[in-house]
Structures are given as C-alpha cells and as structure tokens.
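Novice: What follows is the file start26.pdb, containing PDB, N, CA and C atoms:
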```pdb
ATOM      1  N   MET A   1      19.818  28.665 -22.530  1.00  0.00           N
ATOM      2  CA  MET A   1      19.225  28.710 -21.216  1.00  0.00           C
ATOM      3  C   MET A   1      18.004  27.790 -21.141  1.00  0.00           C
ATOM      4  N   LEU A   2      17.168  27.811 -22.154  1.00  0.00           N
ATOM      5  CA  LEU A   2      16.001  26.946 -22.188  1.00  0.00           C
ATOM      6  C   LEU A   2      16.428  25.479 -22.235  1.00  0.00           C
ATOM      7  N   ARG A   3      17.509  25.204 -22.944  1.00  0.00           N
ATOM      8  CA  ARG A   3      18.019  23.834 -23.034  1.00  0.00           C
ATOM      9  C   ARG A   3      18.443  23.331 -21.663  1.00  0.00           C
ATOM     10  N   ARG A   4      19.136  24.170 -20.923  1.00  0.00           N
ATOM     11  CA  ARG A   4      19.588  23.783 -19.584  1.00  0.00           C
ATOM     12  C   ARG A   4      18.392  23.573 -18.653  1.00  0.00           C
ATOM     13  N   PHE A   5      17.382  24.410 -18.786  1.00  0.00           N
ATOM     14  CA  PHE A   5      16.185  24.252 -17.973  1.00  0.00           C
ATOM     15  C   PHE A   5      15.505  22.915 -18.277  1.00  0.00           C
ATOM     16  N   ASN A   6      15.403  22.571 -19.557  1.00  0.00           N
ATOM     17  CA  ASN A   6      14.792  21.306 -19.942  1.00  0.00           C
ATOM     18  C   ASN A   6      15.606  20.117 -19.416  1.00  0.00           C
ATOM     19  N   GLU A   7      16.920  20.233 -19.445  1.00  0.00           N
ATOM     20  CA  GLU A   7      17.774  19.178 -18.889  1.00  0.00           C
ATOM     21  C   GLU A   7      17.532  19.039 -17.384  1.00  0.00           C
ATOM     22  N   TRP A   8      17.496  20.175 -16.700  1.00  0.00           N
ATOM     23  CA  TRP A   8      17.251  20.158 -15.254  1.00  0.00           C
ATOM     24  C   TRP A   8      15.890  19.535 -14.956  1.00  0.00           C
ATOM     25  N   ARG A   9      14.892  19.919 -15.737  1.00  0.00           N
ATOM     26  CA  ARG A   9      13.544  19.402 -15.533  1.00  0.00           C
ATOM     27  C   ARG A   9      13.498  17.887 -15.720  1.00  0.00           C
ATOM     28  N   ALA A  10      14.192  17.377 -16.714  1.00  0.00           N
ATOM     29  CA  ALA A  10      14.241  15.935 -16.951  1.00  0.00           C
ATOM     30  C   ALA A  10      14.953  15.231 -15.794  1.00  0.00           C
ATOM     31  N   GLU A  11      16.062  15.798 -15.331  1.00  0.00           N
ATOM     32  CA  GLU A  11      16.791  15.226 -14.198  1.00  0.00           C
ATOM     33  C   GLU A  11      15.925  15.236 -12.940  1.00  0.00           C
ATOM     34  N   HIS A  12      15.227  16.327 -12.735  1.00  0.00           N
ATOM     35  CA  HIS A  12      14.353  16.478 -11.576  1.00  0.00           C
ATOM     36  C   HIS A  12      13.225  15.446 -11.623  1.00  0.00           C
ATOM     37  N   ALA A  13      12.651  15.243 -12.776  1.00  0.00           N
ATOM     38  CA  ALA A  13      11.576  14.264 -12.933  1.00  0.00           C
ATOM     39  C   ALA A  13      12.093  12.862 -12.628  1.00  0.00           C
ATOM     40  N   GLN A  14      13.293  12.552 -13.088  1.00  0.00           N
ATOM     41  CA  GLN A  14      13.884  11.246 -12.802  1.00  0.00           C
ATOM     42  C   GLN A  14      14.146  11.081 -11.308  1.00  0.00           C
ATOM     43  N   SER A  15      14.631  12.126 -10.677  1.00  0.00           N
ATOM     44  CA  SER A  15      14.889  12.077  -9.237  1.00  0.00           C
ATOM     45  C   SER A  15      13.596  11.871  -8.463  1.00  0.00           C
ATOM     46  N   LEU A  16      12.546  12.564  -8.852  1.00  0.00           N
ATOM     47  CA  LEU A  16      11.257  12.406  -8.190  1.00  0.00           C
ATOM     48  C   LEU A  16      10.713  10.994  -8.356  1.00  0.00           C
ATOM     49  N   GLU A  17      10.838  10.443  -9.546  1.00  0.00           N
ATOM     50  CA  GLU A  17      10.350   9.083  -9.798  1.00  0.00           C
ATOM     51  C   GLU A  17      11.133   8.070  -8.963  1.00  0.00           C
ATOM     52  N   LYS A  18      12.440   8.250  -8.892  1.00  0.00           N
ATOM     53  CA  LYS A  18      13.277   7.350  -8.096  1.00  0.00           C
ATOM     54  C   LYS A  18      12.904   7.452  -6.615  1.00  0.00           C
ATOM     55  N   ALA A  19      12.710   8.656  -6.132  1.00  0.00           N
ATOM     56  CA  ALA A  19      12.324   8.857  -4.733  1.00  0.00           C
ATOM     57  C   ALA A  19      10.962   8.233  -4.458  1.00  0.00           C
ATOM     58  N   LYS A  20      10.045   8.370  -5.395  1.00  0.00           N
ATOM     59  CA  LYS A  20       8.717   7.784  -5.247  1.00  0.00           C
ATOM     60  C   LYS A  20       8.820   6.263  -5.154  1.00  0.00           C
ATOM     61  N   GLU A  21       9.601   5.655  -6.032  1.00  0.00           N
ATOM     62  CA  GLU A  21       9.777   4.200  -6.016  1.00  0.00           C
ATOM     63  C   GLU A  21      10.396   3.740  -4.697  1.00  0.00           C
ATOM     64  N   GLN A  22      11.394   4.473  -4.220  1.00  0.00           N
ATOM     65  CA  GLN A  22      12.026   4.121  -2.948  1.00  0.00           C
ATOM     66  C   GLN A  22      11.037   4.258  -1.800  1.00  0.00           C
ATOM     67  N   GLY A  23      10.225   5.286  -1.833  1.00  0.00           N
ATOM     68  CA  GLY A  23       9.220   5.491  -0.800  1.00  0.00           C
ATOM     69  C   GLY A  23       8.194   4.376  -0.790  1.00  0.00           C
ATOM     70  N   ILE A  24       7.795   3.956  -1.963  1.00  0.00           N
ATOM     71  CA  ILE A  24       6.833   2.852  -2.059  1.00  0.00           C
ATOM     72  C   ILE A  24       7.458   1.579  -1.514  1.00  0.00           C
ATOM     73  N   GLU A  25       8.694   1.313  -1.894  1.00  0.00           N
ATOM     74  CA  GLU A  25       9.386   0.119  -1.398  1.00  0.00           C
ATOM     75  C   GLU A  25       9.522   0.155   0.126  1.00  0.00           C
ATOM     76  N   GLN A  26       9.876   1.303   0.660  1.00  0.00           N
ATOM     77  CA  GLN A  26      10.002   1.434   2.110  1.00  0.00           C
ATOM     78  C   GLN A  26       8.658   1.256   2.792  1.00  0.00           C
ATOM     79  N   GLY A  27       7.611   1.771   2.195  1.00  0.00           N
ATOM     80  CA  GLY A  27       6.273   1.615   2.754  1.00  0.00           C
ATOM     81  C   GLY A  27       5.836   0.162   2.775  1.00  0.00           C
ATOM     82  N   ILE A  28       6.143  -0.550   1.713  1.00  0.00           N
ATOM     83  CA  ILE A  28       5.808  -1.973   1.655  1.00  0.00           C
ATOM     84  C   ILE A  28       6.581  -2.733   2.723  1.00  0.00           C
ATOM     85  N   GLU A  29       7.867  -2.444   2.849  1.00  0.00           N
ATOM     86  CA  GLU A  29       8.682  -3.106   3.872  1.00  0.00           C
ATOM     87  C   GLU A  29       8.147  -2.806   5.269  1.00  0.00           C
ATOM     88  N   GLN A  30       7.791  -1.566   5.524  1.00  0.00           N
ATOM     89  CA  GLN A  30       7.269  -1.187   6.836  1.00  0.00           C
ATOM     90  C   GLN A  30       5.942  -1.888   7.098  1.00  0.00           C
ATOM     91  N   GLY A  31       5.090  -1.941   6.093  1.00  0.00           N
ATOM     92  CA  GLY A  31       3.805  -2.624   6.236  1.00  0.00           C
ATOM     93  C   GLY A  31       3.982  -4.100   6.551  1.00  0.00           C
ATOM     94  N   ARG A  32       4.908  -4.738   5.875  1.00  0.00           N
ATOM     95  CA  ARG A  32       5.187  -6.151   6.156  1.00  0.00           C
ATOM     96  C   ARG A  32       5.685  -6.335   7.580  1.00  0.00           C
ATOM     97  N   ALA A  33       6.601  -5.481   7.992  1.00  0.00           N
ATOM     98  CA  ALA A  33       7.146  -5.583   9.347  1.00  0.00           C
ATOM     99  C   ALA A  33       6.039  -5.409  10.385  1.00  0.00           C
ATOM    100  N   GLU A  34       5.150  -4.454  10.163  1.00  0.00           N
ATOM    101  CA  GLU A  34       4.047  -4.231  11.100  1.00  0.00           C
ATOM    102  C   GLU A  34       3.100  -5.430  11.133  1.00  0.00           C
ATOM    103  N   ALA A  35       2.833  -6.018   9.965  1.00  0.00           N
ATOM    104  CA  ALA A  35       1.951  -7.190   9.907  1.00  0.00           C
ATOM    105  C   ALA A  35       2.586  -8.369  10.632  1.00  0.00           C
ATOM    106  N   TYR A  36       3.866  -8.608  10.388  1.00  0.00           N
ATOM    107  CA  TYR A  36       4.555  -9.707  11.058  1.00  0.00           C
ATOM    108  C   TYR A  36       4.570  -9.485  12.563  1.00  0.00           C
ATOM    109  N   GLN A  37       4.757  -8.251  12.989  1.00  0.00           N
ATOM    110  CA  GLN A  37       4.769  -7.948  14.423  1.00  0.00           C
ATOM    111  C   GLN A  37       3.402  -8.201  15.040  1.00  0.00           C
ATOM    112  N   ALA A  38       2.348  -7.810  14.340  1.00  0.00           N
ATOM    113  CA  ALA A  38       0.987  -8.033  14.846  1.00  0.00           C
ATOM    114  C   ALA A  38       0.710  -9.529  14.988  1.00  0.00           C
ATOM    115  N   ILE A  39       1.156 -10.312  14.015  1.00  0.00           N
ATOM    116  CA  ILE A  39       0.975 -11.767  14.080  1.00  0.00           C
ATOM    117  C   ILE A  39       1.780 -12.345  15.240  1.00  0.00           C
ATOM    118  N   ALA A  40       3.019 -11.895  15.404  1.00  0.00           N
ATOM    119  CA  ALA A  40       3.861 -12.384  16.498  1.00  0.00           C
ATOM    120  C   ALA A  40       3.246 -12.026  17.852  1.00  0.00           C
ATOM    121  N   ASP A  41       2.700 -10.823  17.981  1.00  0.00           N
ATOM    122  CA  ASP A  41       2.055 -10.405  19.230  1.00  0.00           C
ATOM    123  C   ASP A  41       0.830 -11.266  19.519  1.00  0.00           C
ATOM    124  N   TRP A  42       0.019 -11.527  18.485  1.00  0.00           N
ATOM    125  CA  TRP A  42      -1.162 -12.370  18.637  1.00  0.00           C
ATOM    126  C   TRP A  42      -0.753 -13.772  19.088  1.00  0.00           C
ATOM    127  N   ASN A  43       0.275 -14.315  18.447  1.00  0.00           N
ATOM    128  CA  ASN A  43       0.725 -15.655  18.786  1.00  0.00           C
ATOM    129  C   ASN A  43       1.287 -15.709  20.205  1.00  0.00           C
ATOM    130  N   LYS A  44       1.958 -14.656  20.617  1.00  0.00           N
ATOM    131  CA  LYS A  44       2.486 -14.597  21.983  1.00  0.00           C
ATOM    132  C   LYS A  44       1.345 -14.630  22.999  1.00  0.00           C
ATOM    133  N   ARG A  45       0.287 -13.886  22.720  1.00  0.00           N
ATOM    134  CA  ARG A  45      -0.879 -13.905  23.610  1.00  0.00           C
ATOM    135  C   ARG A  45      -1.539 -15.281  23.624  1.00  0.00           C
ATOM    136  N   ARG A  46      -1.598 -15.909  22.448  1.00  0.00           N
ATOM    137  CA  ARG A  46      -2.186 -17.246  22.335  1.00  0.00           C
ATOM    138  C   ARG A  46      -1.382 -18.263  23.138  1.00  0.00           C
ATOM    139  N   LEU A  47      -0.081 -18.233  22.995  1.00  0.00           N
ATOM    140  CA  LEU A  47       0.781 -19.170  23.719  1.00  0.00           C
ATOM    141  C   LEU A  47       0.734 -18.939  25.227  1.00  0.00           C
ATOM    142  N   ALA A  48       0.664 -17.666  25.638  1.00  0.00           N
ATOM    143  CA  ALA A  48       0.579 -17.356  27.070  1.00  0.00           C
ATOM    144  C   ALA A  48      -0.719 -17.905  27.656  1.00  0.00           C
ATOM    145  N   ALA A  49      -1.808 -17.753  26.931  1.00  0.00           N
ATOM    146  CA  ALA A  49      -3.090 -18.279  27.399  1.00  0.00           C
ATOM    147  C   ALA A  49      -3.029 -19.803  27.475  1.00  0.00           C
ATOM    148  N   GLU A  50      -2.447 -20.408  26.465  1.00  0.00           N
ATOM    149  CA  GLU A  50      -2.323 -21.870  26.445  1.00  0.00           C
ATOM    150  C   GLU A  50      -1.498 -22.361  27.636  1.00  0.00           C
ATOM    151  N   ALA A  51      -0.402 -21.659  27.928  1.00  0.00           N
ATOM    152  CA  ALA A  51       0.464 -22.051  29.046  1.00  0.00           C
ATOM    153  C   ALA A  51      -0.267 -21.928  30.382  1.00  0.00           C
ATOM    154  N   LYS A  52      -1.174 -20.956  30.487  1.00  0.00           N
ATOM    155  CA  LYS A  52      -1.943 -20.769  31.719  1.00  0.00           C
ATOM    156  C   LYS A  52      -3.173 -21.665  31.771  1.00  0.00           C
ATOM    157  N   GLY A  53      -3.495 -22.298  30.637  1.00  0.00           N
ATOM    158  CA  GLY A  53      -4.687 -23.132  30.570  1.00  0.00           C
ATOM    159  C   GLY A  53      -5.971 -22.333  30.469  1.00  0.00           C
ATOM    160  N   THR A  54      -5.870 -21.115  30.031  1.00  0.00           N
ATOM    161  CA  THR A  54      -7.066 -20.272  29.893  1.00  0.00           C
ATOM    162  C   THR A  54      -7.506 -20.234  28.437  1.00  0.00           C
ATOM    163  N   PRO A  55      -8.792 -20.073  28.217  1.00  0.00           N
ATOM    164  CA  PRO A  55      -9.281 -20.007  26.832  1.00  0.00           C
ATOM    165  C   PRO A  55      -8.717 -18.784  26.102  1.00  0.00           C
ATOM    166  N   PHE A  56      -8.467 -18.961  24.851  1.00  0.00           N
ATOM    167  CA  PHE A  56      -8.003 -17.857  24.012  1.00  0.00           C
ATOM    168  C   PHE A  56      -8.985 -17.736  22.863  1.00  0.00           C
ATOM    169  N   ASN A  57      -9.841 -16.743  22.945  1.00  0.00           N
ATOM    170  CA  ASN A  57     -10.914 -16.578  21.963  1.00  0.00           C
ATOM    171  C   ASN A  57     -10.645 -15.470  20.953  1.00  0.00           C
ATOM    172  N   GLU A  58      -9.480 -14.884  21.009  1.00  0.00           N
ATOM    173  CA  GLU A  58      -9.157 -13.801  20.072  1.00  0.00           C
ATOM    174  C   GLU A  58      -8.972 -14.398  18.679  1.00  0.00           C
ATOM    175  N   PRO A  59      -9.734 -13.948  17.703  1.00  0.00           N
ATOM    176  CA  PRO A  59      -9.606 -14.535  16.361  1.00  0.00           C
ATOM    177  C   PRO A  59      -8.245 -14.217  15.746  1.00  0.00           C
ATOM    178  N   PRO A  60      -7.765 -15.107  14.900  1.00  0.00           N
ATOM    179  CA  PRO A  60      -6.484 -14.832  14.219  1.00  0.00           C
ATOM    180  C   PRO A  60      -6.617 -13.642  13.283  1.00  0.00           C
ATOM    181  N   LEU A  61      -5.505 -13.033  12.982  1.00  0.00           N
ATOM    182  CA  LEU A  61      -5.495 -11.915  12.058  1.00  0.00           C
ATOM    183  C   LEU A  61      -5.673 -12.429  10.632  1.00  0.00           C
ATOM    184  N   SER A  62      -6.336 -11.650   9.831  1.00  0.00           N
ATOM    185  CA  SER A  62      -6.483 -12.025   8.423  1.00  0.00           C
ATOM    186  C   SER A  62      -5.229 -11.639   7.675  1.00  0.00           C
ATOM    187  N   GLN A  63      -5.150 -11.985   6.437  1.00  0.00           N
ATOM    188  CA  GLN A  63      -3.967 -11.687   5.640  1.00  0.00           C
ATOM    189  C   GLN A  63      -3.741 -10.203   5.477  1.00  0.00           C
ATOM    190  N   ASN A  64      -4.781  -9.402   5.581  1.00  0.00           N
ATOM    191  CA  ASN A  64      -4.587  -7.966   5.416  1.00  0.00           C
ATOM    192  C   ASN A  64      -4.318  -7.264   6.739  1.00  0.00           C
ATOM    193  N   GLY A  65      -4.117  -8.059   7.820  1.00  0.00           N
ATOM    194  CA  GLY A  65      -3.726  -7.481   9.086  1.00  0.00           C
ATOM    195  C   GLY A  65      -4.871  -7.100   9.995  1.00  0.00           C
ATOM    196  N   HIS A  66      -6.103  -7.331   9.585  1.00  0.00           N
ATOM    197  CA  HIS A  66      -7.258  -6.997  10.413  1.00  0.00           C
ATOM    198  C   HIS A  66      -7.820  -8.252  11.036  1.00  0.00           C
ATOM    199  N   GLN A  67      -8.438  -8.087  12.179  1.00  0.00           N
ATOM    200  CA  GLN A  67      -9.051  -9.225  12.828  1.00  0.00           C
ATOM    201  C   GLN A  67     -10.338  -9.600  12.128  1.00  0.00           C
ATOM    202  N   HIS A  68     -10.648 -10.880  12.160  1.00  0.00           N
ATOM    203  CA  HIS A  68     -11.916 -11.355  11.599  1.00  0.00           C
ATOM    204  C   HIS A  68     -13.065 -10.896  12.490  1.00  0.00           C
ATOM    205  N   GLY A  69     -14.246 -10.880  11.928  1.00  0.00           N
ATOM    206  CA  GLY A  69     -15.427 -10.627  12.733  1.00  0.00           C
ATOM    207  C   GLY A  69     -15.842  -9.230  12.705  1.00  0.00           C
TER
END
```
How would this structure read if it were set down as structure tokens?

Specialist:
Amino acid sequence: MLRRFNEWRAEHAQSLEKAKEQGIEQGIEQGRAEAYQAIADWNKRRLAAEAKGTPFNEPPLSQNGHQHG
C-alpha cells in the first residue's frame, strides 16, 4: 500500500510539474500577444493622426509594454 502511494505521489508530482510548465508557456504566449496588440493599437493611433495631419505626441511603448515617461 505504501509503495502504491509513493508511485501515485511521484506521478502526481510529474503531472503538477507538467501543468506548471504548460501554464508558464501559456502565460508567456498570452503576454506576447497582449504586447503585440498594444503596439499595433499604438501604431494604429499614430497612423490615424498622421493621416489627419494632427500631431501625435504619445510616446512609443517600451520593450516591457509600458509607456516611456
């Protein structure tokens, strides 16, 4: 009985580690998608201002997704 419990515990630990790795990978993918979307939105606003001939003073996003300043 103790042997089976130890086997289950090892399997459970492996499952948790795999789930953790998948969660981290999904989080990274989601973060990248959000950053790319923020950049695309900023660029869309920049292009719209340019097309209207109005000044666009919004600073570009930094690499970590935050605005400068």

Novice: Output as a PyMOL selection string all residues of chain A that backbone DSSP marks as helix (DSSP H, G or I).

Specialist: chain A and resi 2-52

Novice: Taking all listed atoms of stretch 40-53 of chain A, build the axis-aligned box, pad each of the six sides by 5 Å, then write its centre and edge lengths in Å to one decimal as lines of an AutoDock Vina configuration file.

Specialist:
```
center_x = -1.1
center_y = -16.8
center_z = 23.6
size_x = 19.8
size_y = 22.7
size_z = 26.4
```

Novice: For atom N of A:Asn43 and atom N of A:Glu25, determine how far apart the two atoms are, in Å to one decimal place.

Specialist: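 Here the two named atoms are 27.0 Å from each other.
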
Novice: Could you tell me how far atom CA of A:Leu61 lies from atom CA of A:Gln30, in Å and to one decimal?

Specialist: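 Between atom CA of A:Leu61 and atom CA of A:Gln30 the gap is 17.5 Å.
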
Novice: Take atom C of A:Met1 and atom N of A:Gln22 and report the distance between them in Å, one decimal.

Specialist: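 Separation of atom C of A:Met1 and atom N of A:Gln22: 29.6 Å.
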